[in-house]
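One structure below.
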Amino acid sequence: MQLLLFIKLGIQNAYIYLGVVLVTMLIYVIYKLRSRIINQNQALVKANSEKEILISEIHHRVKNNLQIISSLLSLQSNYIQDNNAFDAIRQGHNRVHTISLIHNDLYAAENLKGVSSIEYFENILDNLFDSYNINEEKICLDLQIDALMLDVDTMIPLGLITNELVSNVFKHAFEEKNEGKIKVALTKAEDCLILEVSDNGKGLDNHDDLKRNSFGYALIQAFANKLKADIEVNSDSGLRIALKIKNFTIAA
């Protein structure tokens with residue numbers, strides 16, 4: 001009887017020992033897997049961090065190069081007497097500056113994939129008011145920009161189109177008076193973006209007048225095509241130009 005109890009106890013102890021060994025092995029395997037996953041995650045984090053640093057450095061270098069070009073154009077304009085040449089240099093400066101703002105925002109922001117629409121449009125308008133020496137007390141700006149994070153391929157065309165349209169307003173809309181209103185709006189509809197630039201200036205006698213500045217109009221048309229945008233022009237009271245943009249990307 002005692003022998004049977006001894007054998008039974010031995011078997012139970014063997015099971016317990018085997019269970020302890022299996023549990024220990026399982027814990028070891030889990031530990032090794034966990035260590036491997038942690039190491040892989042750390043490697044991925046490091047790789048992503050290095051990639052973000054590299055991208056940030058690229059934006060920084062592009063921004064600096066564009067600012068150098070912008071500064072050279074601005075400096076060159078100080079030595080130009082011809083009005084048409086001066087205006088061409090100024091427009092070139094503003095176009096380069098509009099692009100450099102993108103890279104400046106991307107370099108300064110944590111999100112390298114997208115640009116804040118509000119901040120970007122505010123910077124564009126600030127630069128244009130300064131460039132054309134516009135008195136903000138006489139030319140009132142109504143800026144209505146939805147809070148969006150848009151990718152670079154969407155934002156650069158939007159910025160350049162806005163630059164051209166607002167430049168045309170400052171150059172032509174208020175030739176006969178020194179005061180007026182200008183509205184710049186970017187709104188997100190269900191399946192599109194709406195960009196609107198309007199003023200209460202003299203308007204257009206003929207929509208073909210838009211093509212007077214052929215290079216500026218060509219830029220607007222080219223970037224509108226890139227954004228798959230329909231252009232609507234209304235000059236009943238001043239001038240209103242609206243683009244319904246179908247090709248755009250919200251940044252992740």
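Each chain of the structure tokens is named A, B, ... in the order shown, its residues numbered from 1; ligands are numbered from 1 in display order.
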
Where in region 136-242 of chain A does DSSP assign strand (DSSP E), given as a ChimeraX atom specification? /A:139-145,149-151,180-188,193-199,229-234,239-242

Which of region 110-209 of chain A counts as helix (DSSP H, G or I) under DSSP, as a PyMOL selection string please? chain A and resi 117-131+152-173+207-209

Neighbours of region 176-193 of chain A within 8 Å (only C-alpha atoms; same-chain residues fewer than 6 positions away dropped), as an mmCIF file with C-alpha atoms, in the first residue's frame?
data_model
loop_
_atom_site.group_PDB
_atom_site.id
_atom_site.type_symbol
_atom_site.label_atom_id
_atom_site.label_comp_id
_atom_site.auth_asym_id
_atom_site.auth_seq_id
_atom_site.Cartn_x
_atom_site.Cartn_y
_atom_site.Cartn_z
ATOM 1 C CA LYS A 138 -7.691 100.887 -47.217
ATOM 2 C CA ILE A 139 -7.721 97.458 -48.872
ATOM 3 C CA CYS A 140 -9.595 95.197 -46.455
ATOM 4 C CA LEU A 141 -8.879 91.472 -46.545
ATOM 5 C CA ASP A 142 -11.537 88.885 -45.753
ATOM 6 C CA LEU A 143 -9.625 85.631 -45.299
ATOM 7 C CA GLN A 144 -11.806 82.536 -44.826
ATOM 8 C CA ILE A 145 -9.700 79.376 -44.767
ATOM 9 C CA ASP A 146 -10.899 76.004 -43.497
ATOM 10 C CA VAL A 169 -6.301 92.077 -57.923
ATOM 11 C CA ASP A 199 -12.890 91.800 -55.013
ATOM 12 C CA ASN A 200 -15.182 94.816 -55.359
ATOM 13 C CA GLY A 201 -12.946 96.546 -57.875
ATOM 14 C CA LEU A 243 -12.073 76.980 -58.655
ATOM 15 C CA LYS A 244 -13.826 73.717 -57.877
ATOM 16 C CA ILE A 245 -10.938 71.353 -57.166
ATOM 17 C CA LYS A 246 -11.490 67.621 -57.526
ATOM 18 C CA ASN A 247 -7.909 66.322 -57.317
ATOM 19 C CA PHE A 248 -6.565 66.927 -53.808
#

What does the structure give for the distance between CA of Asp151 (chain A) and CA of Tyr132 (chain A), in Å to one decimal?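 Value for the CA of Asp151 (chain A)-CA of Tyr132 (chain A) distance: 28.6 Å.
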
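Comparing the minimum interatomic distances between Asp153 (chain A) and each of A:Leu239, A:Leu219, A:Val115, A:Leu75, counting only C-alpha atoms, we find that A:Val115 sits nearest.
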
Need the shell around Ser117 (chain A): protein/DNA/RNA residues with any atom at most 9 Å away, counting only C-alpha atoms. Skip same-chain ones fewer than 3 positions apart. Format as an mmCIF file with N, CA and C atoms, in the first residue's frame?
data_model
loop_
_atom_site.group_PDB
_atom_site.id
_atom_site.type_symbol
_atom_site.label_atom_id
_atom_site.label_comp_id
_atom_site.auth_asym_id
_atom_site.auth_seq_id
_atom_site.Cartn_x
_atom_site.Cartn_y
_atom_site.Cartn_z
ATOM 1 N N TYR A 120 -0.469 78.711 -44.031
ATOM 2 C CA TYR A 120 0.123 78.915 -45.354
ATOM 3 C C TYR A 120 -0.518 80.090 -46.081
ATOM 4 N N PHE A 121 -1.842 80.152 -46.088
ATOM 5 C CA PHE A 121 -2.520 81.247 -46.783
ATOM 6 C C PHE A 121 -2.271 82.587 -46.095
ATOM 7 N N GLU A 122 -2.202 82.586 -44.774
ATOM 8 C CA GLU A 122 -1.880 83.827 -44.063
ATOM 9 C C GLU A 122 -0.503 84.343 -44.482
ATOM 10 N N ILE A 145 -10.414 80.607 -44.421
ATOM 11 C CA ILE A 145 -9.700 79.376 -44.767
ATOM 12 C C ILE A 145 -10.092 78.263 -43.802
ATOM 13 N N ASP A 146 -10.606 77.171 -44.336
ATOM 14 C CA ASP A 146 -10.899 76.004 -43.497
ATOM 15 C C ASP A 146 -9.593 75.416 -42.958
ATOM 16 N N ALA A 147 -9.667 74.910 -41.738
ATOM 17 C CA ALA A 147 -8.487 74.297 -41.115
ATOM 18 C C ALA A 147 -8.252 72.913 -41.718
ATOM 19 N N LEU A 148 -7.302 72.836 -42.640
ATOM 20 C CA LEU A 148 -7.001 71.582 -43.335
ATOM 21 C C LEU A 148 -5.503 71.321 -43.297
ATOM 22 N N MET A 149 -5.149 70.040 -43.349
ATOM 23 C CA MET A 149 -3.756 69.647 -43.554
ATOM 24 C C MET A 149 -3.693 69.001 -44.934
ATOM 25 N N LEU A 150 -3.078 69.691 -45.876
ATOM 26 C CA LEU A 150 -3.028 69.215 -47.254
ATOM 27 C C LEU A 150 -1.602 68.832 -47.626
ATOM 28 N N MET A 155 -0.941 71.575 -52.103
ATOM 29 C CA MET A 155 -0.776 72.917 -51.563
ATOM 30 C C MET A 155 0.022 73.850 -52.467
ATOM 31 N N LEU A 186 -10.926 79.346 -48.839
ATOM 32 C CA LEU A 186 -10.699 77.942 -49.193
ATOM 33 C C LEU A 186 -11.594 77.103 -48.299
#

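Restricting the calculation to only C-alpha atoms, the smallest distance between Leu101 (chain A) and any of A:Ser131, A:Asn225, A:Asn123, A:Asn83 is found for A:Asn123.
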
With a distance cut-off of 7 Å and only C-alpha atoms, select the neighbouring residues of Ala242 (chain A), excluding the residue or stretch itself and same-chain residues fewer than 3 positions from it, and output the selection as a ChimeraX atom specification. /A:194-197,231-233

Please produce, as a tab-separated table, a per-residue contact table for region 83-130 of chain A versus region 159-166 of chain A (criterion: any atom at most 12 Å away, only C-alpha atoms considered), showing the nearest atom pair and its distance in Å to one decimal, sorted by chain then residue number.
residue	atom	partner	partner_atom	distance
A:Arg90	CA	A:Asn163	CA	11.8
A:Gln91	CA	A:Glu164	CA	8.4
A:Gly92	CA	A:Glu164	CA	10.6
A:His93	CA	A:Asn163	CA	11.0
A:Asn94	CA	A:Asn163	CA	7.4
A:Arg95	CA	A:Leu160	CA	6.5
A:Val96	CA	A:Leu160	CA	9.2
A:His97	CA	A:Leu160	CA	9.8
A:Thr98	CA	A:Gly159	CA	6.4
A:Ile99	CA	A:Gly159	CA	7.6
A:Ser100	CA	A:Gly159	CA	10.7
A:Leu101	CA	A:Gly159	CA	9.4
A:Ile102	CA	A:Gly159	CA	8.9
A:Val115	CA	A:Gly159	CA	11.2
A:Ser116	CA	A:Gly159	CA	11.9
A:Ser117	CA	A:Gly159	CA	9.5
A:Ile118	CA	A:Gly159	CA	11.5
A:Glu119	CA	A:Gly159	CA	11.6
A:Tyr120	CA	A:Gly159	CA	8.0
A:Phe121	CA	A:Gly159	CA	7.3
A:Glu122	CA	A:Gly159	CA	10.7
A:Asn123	CA	A:Gly159	CA	10.1
A:Ile124	CA	A:Asn163	CA	7.1
A:Leu125	CA	A:Asn163	CA	8.0
A:Asp126	CA	A:Asn163	CA	11.0
A:Asn127	CA	A:Asn163	CA	9.6
A:Leu128	CA	A:Asn163	CA	7.6
A:Phe129	CA	A:Val166	CA	9.5

Work out how far CA of Thr249 (chain A) is from CA of Asn234 (chain A), in Å to one decimal.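 Atom-to-atom, CA of Asn234 (chain A) to CA of Thr249 (chain A), that is 27.5 Å.
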